[in-house]
Every structure is written in C-alpha cells, then in structure tokens.
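S.K.: So that you have it, the file is coords_36.txt, and it contains compact mmCIF, C-alpha atoms:
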# COMPACT_ATOMS: atom_id res chain seq x y z
CA VAL A 526 -7.27 -7.28 -16.92
CA GLU A 527 -7.04 -7.92 -20.64
CA LYS A 528 -4.58 -5.29 -21.86
CA LEU A 529 -1.88 -7.81 -22.71
CA GLY A 530 -4.06 -10.28 -24.55
CA ARG A 531 -4.30 -12.48 -21.46
CA SER A 532 -7.29 -12.40 -19.21
CA VAL A 533 -6.97 -12.33 -15.45
CA GLU A 534 -10.01 -12.81 -13.27
CA ALA A 535 -9.85 -9.81 -10.96
CA SER A 536 -11.99 -7.48 -8.96
CA LEU A 537 -11.21 -4.03 -7.64
CA ILE A 538 -12.04 -2.40 -4.34
CA ILE A 539 -11.63 1.36 -4.26
CA VAL A 540 -11.35 2.80 -0.76
CA GLY A 541 -11.93 6.46 -0.02
CA ASP A 542 -14.06 9.20 -1.46
CA GLY A 543 -13.26 12.22 -3.51
CA ALA A 544 -14.24 14.37 -6.43
CA GLU A 545 -13.36 11.63 -8.94
CA ARG A 546 -15.67 8.96 -7.51
CA PRO A 547 -18.74 9.78 -9.66
CA ARG A 548 -16.58 9.82 -12.80
CA LEU A 549 -14.99 6.48 -11.84
CA GLU A 550 -18.38 4.91 -11.14
CA GLU A 551 -19.64 6.09 -14.52
CA LEU A 552 -16.51 4.77 -16.22
CA ALA A 553 -16.92 1.35 -14.59
CA HIS A 554 -20.50 1.20 -15.92
CA ARG A 555 -19.47 2.35 -19.39
CA LEU A 556 -16.70 -0.26 -19.56
CA GLY A 557 -19.08 -2.99 -18.41
CA ILE A 558 -17.04 -3.81 -15.31
CA ALA A 559 -19.22 -2.24 -12.62
CA HIS A 560 -19.97 -5.72 -11.25
CA LYS A 561 -16.22 -6.16 -10.64
CA VAL A 562 -15.61 -2.78 -8.96
CA GLU A 563 -16.63 -2.07 -5.39
CA PHE A 564 -16.56 1.51 -4.12
CA GLU A 565 -16.08 1.23 -0.34
CA GLY A 566 -15.94 4.93 0.45
CA GLN A 567 -14.30 5.92 3.72
CA ILE A 568 -13.22 3.06 5.98
CA ALA A 569 -12.71 3.43 9.73
CA PRO A 570 -9.08 2.80 10.70
CA ASP A 571 -10.01 -0.38 12.59
CA GLY A 572 -11.56 -1.78 9.38
CA ILE A 573 -8.37 -1.49 7.31
CA PRO A 574 -6.69 -4.71 8.56
CA ASP A 575 -9.74 -6.81 7.61
CA LEU A 576 -9.87 -5.22 4.18
CA LEU A 577 -6.16 -5.82 3.60
CA ALA A 578 -6.51 -9.43 4.80
CA GLU A 579 -9.04 -10.07 2.01
CA ALA A 580 -6.81 -8.60 -0.73
CA ASP A 581 -4.28 -10.33 -2.95
CA ALA A 582 -2.31 -7.12 -3.61
CA LEU A 583 -2.44 -3.39 -3.09
CA VAL A 584 -2.37 -1.16 -6.16
CA LEU A 585 -1.48 2.51 -5.69
CA SER A 586 -1.64 4.46 -8.92
CA SER A 587 -0.80 8.01 -7.89
CA ARG A 588 0.94 10.87 -9.61
CA SER A 589 2.38 12.16 -6.33
CA GLU A 590 2.49 11.05 -2.70
CA GLY A 591 4.47 11.75 0.39
CA ARG A 592 5.10 8.49 2.19
CA PRO A 593 1.74 6.79 1.76
CA ASN A 594 0.40 5.09 4.88
CA VAL A 595 -1.60 2.67 2.75
CA VAL A 596 1.64 1.27 1.30
CA LEU A 597 3.12 0.94 4.80
CA GLU A 598 -0.06 -0.78 6.03
CA ALA A 599 -0.13 -3.19 3.08
CA MET A 600 3.54 -4.07 3.47
CA ALA A 601 3.12 -4.61 7.21
CA SER A 602 0.23 -6.95 6.37
CA GLY A 603 2.44 -8.96 4.05
CA LEU A 604 0.69 -7.83 0.88
CA PRO A 605 2.64 -7.35 -2.32
CA VAL A 606 2.39 -3.76 -3.54
CA ILE A 607 2.05 -2.57 -7.12
CA ALA A 608 2.65 1.16 -7.18
CA THR A 609 3.62 4.14 -9.27
CA ASP A 610 7.36 4.74 -9.37
CA ILE A 611 7.42 8.07 -7.52
CA PRO A 612 9.78 9.30 -4.77
CA GLY A 613 7.58 8.71 -1.70
CA VAL A 614 6.83 5.16 -2.81
CA ARG A 615 10.22 4.30 -4.28
CA GLU A 616 11.85 4.42 -0.83
CA LEU A 617 9.50 1.63 0.32
CA VAL A 618 8.76 -0.52 -2.72
CA VAL A 619 11.77 -2.09 -4.39
CA THR A 620 10.89 -3.75 -7.71
CA LYS A 621 11.01 -7.53 -7.56
CA GLU A 622 12.01 -7.39 -3.87
CA THR A 623 9.10 -5.87 -1.94
CA GLY A 624 6.68 -5.18 -4.80
CA LEU A 625 6.43 -3.94 -8.36
CA LEU A 626 6.70 -0.37 -9.67
CA PHE A 627 5.42 1.13 -12.90
CA PRO A 628 5.85 4.58 -14.49
CA VAL A 629 3.27 7.30 -13.83
CA GLY A 630 0.39 7.05 -16.32
CA ASP A 631 1.59 3.81 -17.92
CA SER A 632 -1.54 1.66 -17.84
CA ASP A 633 0.12 -1.04 -19.97
CA ARG A 634 2.89 -1.52 -17.39
CA LEU A 635 0.32 -1.45 -14.58
CA ALA A 636 -1.60 -4.21 -16.35
CA ALA A 637 1.63 -6.17 -16.82
CA CYS A 638 2.39 -5.88 -13.09
CA ILE A 639 -1.08 -7.13 -12.18
CA GLN A 640 -0.73 -9.97 -14.70
CA THR A 641 2.68 -10.88 -13.25
CA LEU A 642 1.36 -11.26 -9.72
CA ALA A 643 -1.91 -12.91 -10.76
CA SER A 644 -0.10 -15.55 -12.79
CA ASN A 645 2.69 -16.18 -10.30
CA PRO A 646 1.41 -16.83 -6.76
CA VAL A 647 4.89 -17.89 -5.61
CA LEU A 648 6.31 -14.49 -6.58
CA SER A 649 3.32 -12.72 -5.07
CA HIS A 650 3.78 -14.55 -1.77
CA ALA A 651 7.55 -13.90 -1.77
CA LEU A 652 7.09 -10.16 -2.41
CA GLY A 653 4.52 -9.93 0.39
CA GLY A 654 6.83 -11.75 2.80
CA ASN A 655 9.78 -9.57 1.80
CA ALA A 656 7.64 -6.46 2.28
CA ARG A 657 6.69 -7.51 5.80
CA GLN A 658 10.33 -8.30 6.62
CA PHE A 659 11.36 -4.89 5.23
CA MET A 660 8.96 -3.21 7.66
CA ILE A 661 10.25 -5.21 10.63
CA GLU A 662 13.94 -4.72 9.81
CA ARG A 663 13.52 -0.95 9.52
CA GLY A 664 11.52 -0.70 12.71
CA LEU A 665 8.42 0.51 10.88
CA THR A 666 6.02 -1.16 13.30
CA TRP A 667 3.30 0.42 15.44
CA ASP A 668 5.04 -0.69 18.64
CA ASN A 669 8.32 0.89 17.59
CA ALA A 670 6.59 4.09 16.48
CA ALA A 671 4.74 4.26 19.81
CA ARG A 672 8.01 3.82 21.75
CA LYS A 673 9.65 6.63 19.77
CA TYR A 674 6.70 8.98 20.26
CA HIS A 675 6.63 8.15 23.97
CA ARG A 676 10.35 8.85 24.26
CA LEU A 677 9.93 12.15 22.41
CA LEU A 678 6.99 13.19 24.59
CA ILE A 679 8.98 12.48 27.77
CA GLU A 680 11.97 14.45 26.42
CA LEU A 681 9.79 17.41 25.50
CA THR A 682 7.87 17.51 28.77
CA ASN A 683 10.71 16.49 31.08
CA PRO A 684 14.01 17.61 29.55
CA GLU A 685 16.13 16.53 32.52
CA LYS A 686 15.37 12.88 31.71
CA SER A 687 17.51 11.64 28.88
CA ALA A 688 16.35 9.30 26.17
CA ALA A 689 18.96 6.81 27.38
CA SER A 690 17.30 6.52 30.79
CA LEU A 691 13.98 5.71 29.09
CA ASP A 692 15.43 2.70 27.32
CA LYS A 693 16.00 0.87 30.59
Spell out the structure here as structure tokens.
M.R.:
Amino acid sequence: VEKLGRSVEASLIIVGDGAERPRLEELAHRLGIAHKVEFEGQIAPDGIPDLLAEADALVLSSRSEGRPNVVLEAMASGLPVIATDIPGVRELVVTKETGLLFPVGDSDRLAACIQTLASNPVLSHALGGNARQFMIERGLTWDNAARKYHRLLIELTNPEKSAASLDK
C-alpha cells in the first residue's frame, strides 16, 4: 500500500470466484503486484478457519451486503475487520472498537485504514480482541446458533413442548 506516501509490506488473498476475477487478475499484472495477490477461488467451509488464522486482517470492500458471514467469521476468529461503511456491516463493525470502516468507493480511506493497522499492531490486536468479545457478548457463536435452531425445530415439530422446557 503506497497511496499515502508510506509503504506497507502487504499481500492480498482474494477468496471466491466471480465474473470480476479475470479483470482483477489482469489488473494485478498491469499494476505489477501479481506476485503479491493470491486468487484462492472457492474455499470449502472447513478451510476458512485456517485461512483466517493466517491473516492479519479481513478487508471487505463491498457496495452492498446483508449481514456478511465473512465479517462474522473474522470477528469470531479475533481478526480486526476493515470494511465498507454500509448498513449490514455497520451493525457489526464499530470504528475504533471492533474494526475500521471507510466510505464506499473511497480507496484513499481504505489505504489509510490498512496503513493504520499495519503500523499499529497494538491497535490491531485490541480491535481483534474486541471483535471476538463482541461476538461472544451478543451470543453470535455457532453453539448458541445451534441451540436456537434446535429449540425452533422442536417448537415447530412438537408445539406442545414449550421453549422453556427445552432450556432445562
């Protein structure tokens, strides 16, 4: 990242496939950064934790999202998140508490966010820890989700049993 006149040694892993991949690969070659960009393609769900464990941060630069699972997964892994300031993300990522947000399409602010985390490992670690704590405090864990789905399934298939009796 050199947008702000300061260089940060960084590499990028792009996960997933789509219509833009060939254009992004060509752009990486044209910019002379292809050796720093890895296109992973689709990753099996059981491979995501290992990929997140190798990362220093998650960057989500989207124009629109619902409630992106990748942000939830990164936060649960204790990764700081740098993401576009859009409604589905804004409810999860709180600037300077659980991550950093930047306006849609603002590549200068995105670069500044990356620079901030790259040059301040204490802040990066704190944001990642806060993100993980956020997930735990709000019950956004797989175990909690499984319990809620189980409770719902029992209620739907056996209405005479109340949710209260399932908590025992």
S.K.: Quick one: residues within 9 Å of A:Asn655, all atoms listed in the file, excluding same-chain residues fewer than 2 positions away - as a PyMOL selection string?
M.R.: chain A and resi 600+603+605+622-624+650-653+657-660
S.K.: So the first atom is atom CA of A:Gly566 and the second is atom CA of A:Ser632; what is the distance between them in Å, to one decimal place?
M.R.: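 Distance between the two atoms: 23.5 Å.
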S.K.: Name the closest residue to A:Glu598 among the candidates A:Asp610, A:Glu680, A:Asp631, A:Asp571; distances are taken between atoms, counting all atoms listed in the file.
M.R.: A:Asp571
S.K.: Return the single residue from A:Gly654, A:Gly572, A:Gly664, A:Pro628 that is closest to A:Ser587, with distances computed using only C-alpha atoms.
M.R.: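 Counting only C-alpha atoms, the residue closest to A:Ser587 is A:Pro628.
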S.K.: Applying 10 Å and all atoms listed in the file, which residues near A:Leu597 remain after dropping the ones on its own chain fewer than 2 positions away? List them as a PyMOL selection string.
M.R.: chain A and resi 592-595+599-604+606+614+617-618+656-657+660+665-666
S.K.: Just give me the gap between atom CA of A:Val619 and atom CA of A:Thr641 in Å, one decimal is fine.
M.R.: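 Atom-to-atom, atom CA of A:Val619 and atom CA of A:Thr641 are spaced 15.4 Å apart.
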S.K.: Find, counting only C-alpha atoms, the residue in A:Lys673, A:Lys561, A:Arg634, A:Arg546 that gets nearest to A:Glu534.
M.R.: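 Selected residue with least distance to A:Glu534: A:Lys561.
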S.K.: Could you work out how far atom CA of A:Ala569 lies from atom CA of A:Pro547, giving the answer in Å with one decimal?
M.R.: 21.3 Å
S.K.: Can you work out which one of A:Leu549, A:Leu681, A:Val647, A:Val584 has the shortest atom-to-atom distance to A:Leu635, counting all atoms listed in the file?
M.R.: A:Val584
S.K.: Point out the residue among A:Ile568, A:Ile538, A:Val562, A:Ala582 with the least atom-to-atom distance to A:Leu648, counting all atoms listed in the file.
M.R.: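 Result for the nearest residue to A:Leu648: A:Ala582.
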S.K.: Pick from A:Ala553, A:Leu642, A:Ala535, A:Val629: nearest to A:Ser589, with only C-alpha atoms counted?
M.R.: A:Val629
S.K.: Might you pull out every residue within 6 Å of A:Leu625, with only C-alpha atoms counted and same-chain residues fewer than 4 positions away left off, and present them as a list of chain:residue names?
M.R.: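 Near neighbours after the sequence-gap exclusion: A:Ile607, A:Thr620, A:Lys621.
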S.K.: How big is the axis-aligned box around the listed atoms of stretch 679-682 of chain A once 5 Å is added on each side, and where is its centre? Give both in Å to one decimal, as JSON.
M.R.:
{"center_x": 9.9, "center_y": 15.0, "center_z": 27.1, "size_x": 14.1, "size_y": 15.0, "size_z": 13.3}
S.K.: Could you write stretch 583-609 of chain A as an mmCIF file, in the frame of the given file, with N, CA, C and O atoms rebuilt where they are missing?
M.R.:
data_model
loop_
_atom_site.group_PDB
_atom_site.id
_atom_site.type_symbol
_atom_site.label_atom_id
_atom_site.label_comp_id
_atom_site.auth_asym_id
_atom_site.auth_seq_id
_atom_site.Cartn_x
_atom_site.Cartn_y
_atom_site.Cartn_z
ATOM 1 N N LEU A 583 -2.020 -4.783 -3.167
ATOM 2 C CA LEU A 583 -2.440 -3.390 -3.090
ATOM 3 C C LEU A 583 -1.914 -2.699 -4.339
ATOM 4 O O LEU A 583 -0.746 -2.862 -4.696
ATOM 5 N N VAL A 584 -2.786 -1.952 -5.000
ATOM 6 C CA VAL A 584 -2.370 -1.160 -6.160
ATOM 7 C C VAL A 584 -2.533 0.314 -5.790
ATOM 8 O O VAL A 584 -3.608 0.742 -5.395
ATOM 9 N N LEU A 585 -1.452 1.064 -5.930
ATOM 10 C CA LEU A 585 -1.480 2.510 -5.690
ATOM 11 C C LEU A 585 -1.015 3.175 -6.975
ATOM 12 O O LEU A 585 0.151 3.098 -7.341
ATOM 13 N N SER A 586 -1.949 3.796 -7.662
ATOM 14 C CA SER A 586 -1.640 4.460 -8.920
ATOM 15 C C SER A 586 -1.800 5.963 -8.729
ATOM 16 O O SER A 586 -2.838 6.538 -9.028
ATOM 17 N N SER A 587 -0.762 6.577 -8.202
ATOM 18 C CA SER A 587 -0.800 8.010 -7.890
ATOM 19 C C SER A 587 0.237 8.755 -8.708
ATOM 20 O O SER A 587 1.269 8.200 -9.072
ATOM 21 N N ARG A 588 -0.037 10.017 -8.932
ATOM 22 C CA ARG A 588 0.940 10.870 -9.610
ATOM 23 C C ARG A 588 1.925 11.473 -8.616
ATOM 24 O O ARG A 588 3.050 11.780 -8.965
ATOM 25 N N SER A 589 1.472 11.647 -7.369
ATOM 26 C CA SER A 589 2.380 12.160 -6.330
ATOM 27 C C SER A 589 1.863 11.703 -4.979
ATOM 28 O O SER A 589 0.669 11.532 -4.779
ATOM 29 N N GLU A 590 2.788 11.483 -4.072
ATOM 30 C CA GLU A 590 2.490 11.050 -2.700
ATOM 31 C C GLU A 590 3.628 11.530 -1.830
ATOM 32 O O GLU A 590 4.730 11.787 -2.320
ATOM 33 N N GLY A 591 3.384 11.566 -0.560
ATOM 34 C CA GLY A 591 4.470 11.750 0.390
ATOM 35 C C GLY A 591 5.029 10.361 0.654
ATOM 36 O O GLY A 591 5.627 9.747 -0.206
ATOM 37 N N ARG A 592 4.769 9.874 1.824
ATOM 38 C CA ARG A 592 5.100 8.490 2.190
ATOM 39 C C ARG A 592 3.774 7.845 2.546
ATOM 40 O O ARG A 592 3.320 7.923 3.678
ATOM 41 N N PRO A 593 3.128 7.223 1.575
ATOM 42 C CA PRO A 593 1.740 6.790 1.760
ATOM 43 C C PRO A 593 1.556 5.722 2.839
ATOM 44 O O PRO A 593 2.150 4.650 2.779
ATOM 45 N N ASN A 594 0.702 6.042 3.813
ATOM 46 C CA ASN A 594 0.400 5.090 4.880
ATOM 47 C C ASN A 594 -0.179 3.793 4.337
ATOM 48 O O ASN A 594 0.087 2.733 4.881
ATOM 49 N N VAL A 595 -0.985 3.882 3.282
ATOM 50 C CA VAL A 595 -1.600 2.670 2.750
ATOM 51 C C VAL A 595 -0.553 1.674 2.269
ATOM 52 O O VAL A 595 -0.715 0.469 2.418
ATOM 53 N N VAL A 596 0.554 2.166 1.727
ATOM 54 C CA VAL A 596 1.640 1.270 1.300
ATOM 55 C C VAL A 596 2.290 0.649 2.528
ATOM 56 O O VAL A 596 2.554 -0.554 2.565
ATOM 57 N N LEU A 597 2.541 1.461 3.557
ATOM 58 C CA LEU A 597 3.120 0.940 4.800
ATOM 59 C C LEU A 597 2.209 -0.121 5.423
ATOM 60 O O LEU A 597 2.666 -1.179 5.862
ATOM 61 N N GLU A 598 0.900 0.157 5.449
ATOM 62 C CA GLU A 598 -0.060 -0.780 6.030
ATOM 63 C C GLU A 598 -0.102 -2.089 5.244
ATOM 64 O O GLU A 598 -0.147 -3.174 5.825
ATOM 65 N N ALA A 599 -0.097 -1.984 3.923
ATOM 66 C CA ALA A 599 -0.130 -3.190 3.080
ATOM 67 C C ALA A 599 1.133 -4.013 3.286
ATOM 68 O O ALA A 599 1.065 -5.238 3.446
ATOM 69 N N MET A 600 2.273 -3.357 3.282
ATOM 70 C CA MET A 600 3.540 -4.070 3.470
ATOM 71 C C MET A 600 3.592 -4.735 4.841
ATOM 72 O O MET A 600 4.021 -5.886 4.964
ATOM 73 N N ALA A 601 3.136 -4.036 5.870
ATOM 74 C CA ALA A 601 3.120 -4.610 7.210
ATOM 75 C C ALA A 601 2.186 -5.815 7.283
ATOM 76 O O ALA A 601 2.403 -6.733 8.071
ATOM 77 N N SER A 602 1.172 -5.831 6.427
ATOM 78 C CA SER A 602 0.230 -6.950 6.370
ATOM 79 C C SER A 602 0.740 -8.101 5.517
ATOM 80 O O SER A 602 0.069 -9.119 5.396
ATOM 81 N N GLY A 603 1.887 -7.915 4.900
ATOM 82 C CA GLY A 603 2.440 -8.960 4.050
ATOM 83 C C GLY A 603 1.830 -9.016 2.669
ATOM 84 O O GLY A 603 1.889 -10.042 1.992
ATOM 85 N N LEU A 604 1.264 -7.898 2.227
ATOM 86 C CA LEU A 604 0.690 -7.830 0.880
ATOM 87 C C LEU A 604 1.730 -7.331 -0.107
ATOM 88 O O LEU A 604 2.450 -6.374 0.189
ATOM 89 N N PRO A 605 1.786 -7.932 -1.290
ATOM 90 C CA PRO A 605 2.640 -7.350 -2.320
ATOM 91 C C PRO A 605 2.015 -6.033 -2.788
ATOM 92 O O PRO A 605 0.792 -5.895 -2.819
ATOM 93 N N VAL A 606 2.861 -5.084 -3.123
ATOM 94 C CA VAL A 606 2.390 -3.760 -3.540
ATOM 95 C C VAL A 606 2.783 -3.525 -4.991
ATOM 96 O O VAL A 606 3.917 -3.773 -5.390
ATOM 97 N N ILE A 607 1.817 -3.049 -5.760
ATOM 98 C CA ILE A 607 2.050 -2.570 -7.120
ATOM 99 C C ILE A 607 1.793 -1.080 -7.057
ATOM 100 O O ILE A 607 0.697 -0.656 -6.683
ATOM 101 N N ALA A 608 2.803 -0.278 -7.375
ATOM 102 C CA ALA A 608 2.650 1.160 -7.180
ATOM 103 C C ALA A 608 3.397 1.959 -8.237
ATOM 104 O O ALA A 608 4.323 1.467 -8.873
ATOM 105 N N THR A 609 2.972 3.202 -8.373
ATOM 106 C CA THR A 609 3.620 4.140 -9.270
ATOM 107 C C THR A 609 5.034 4.419 -8.772
ATOM 108 O O THR A 609 5.261 4.585 -7.574
#
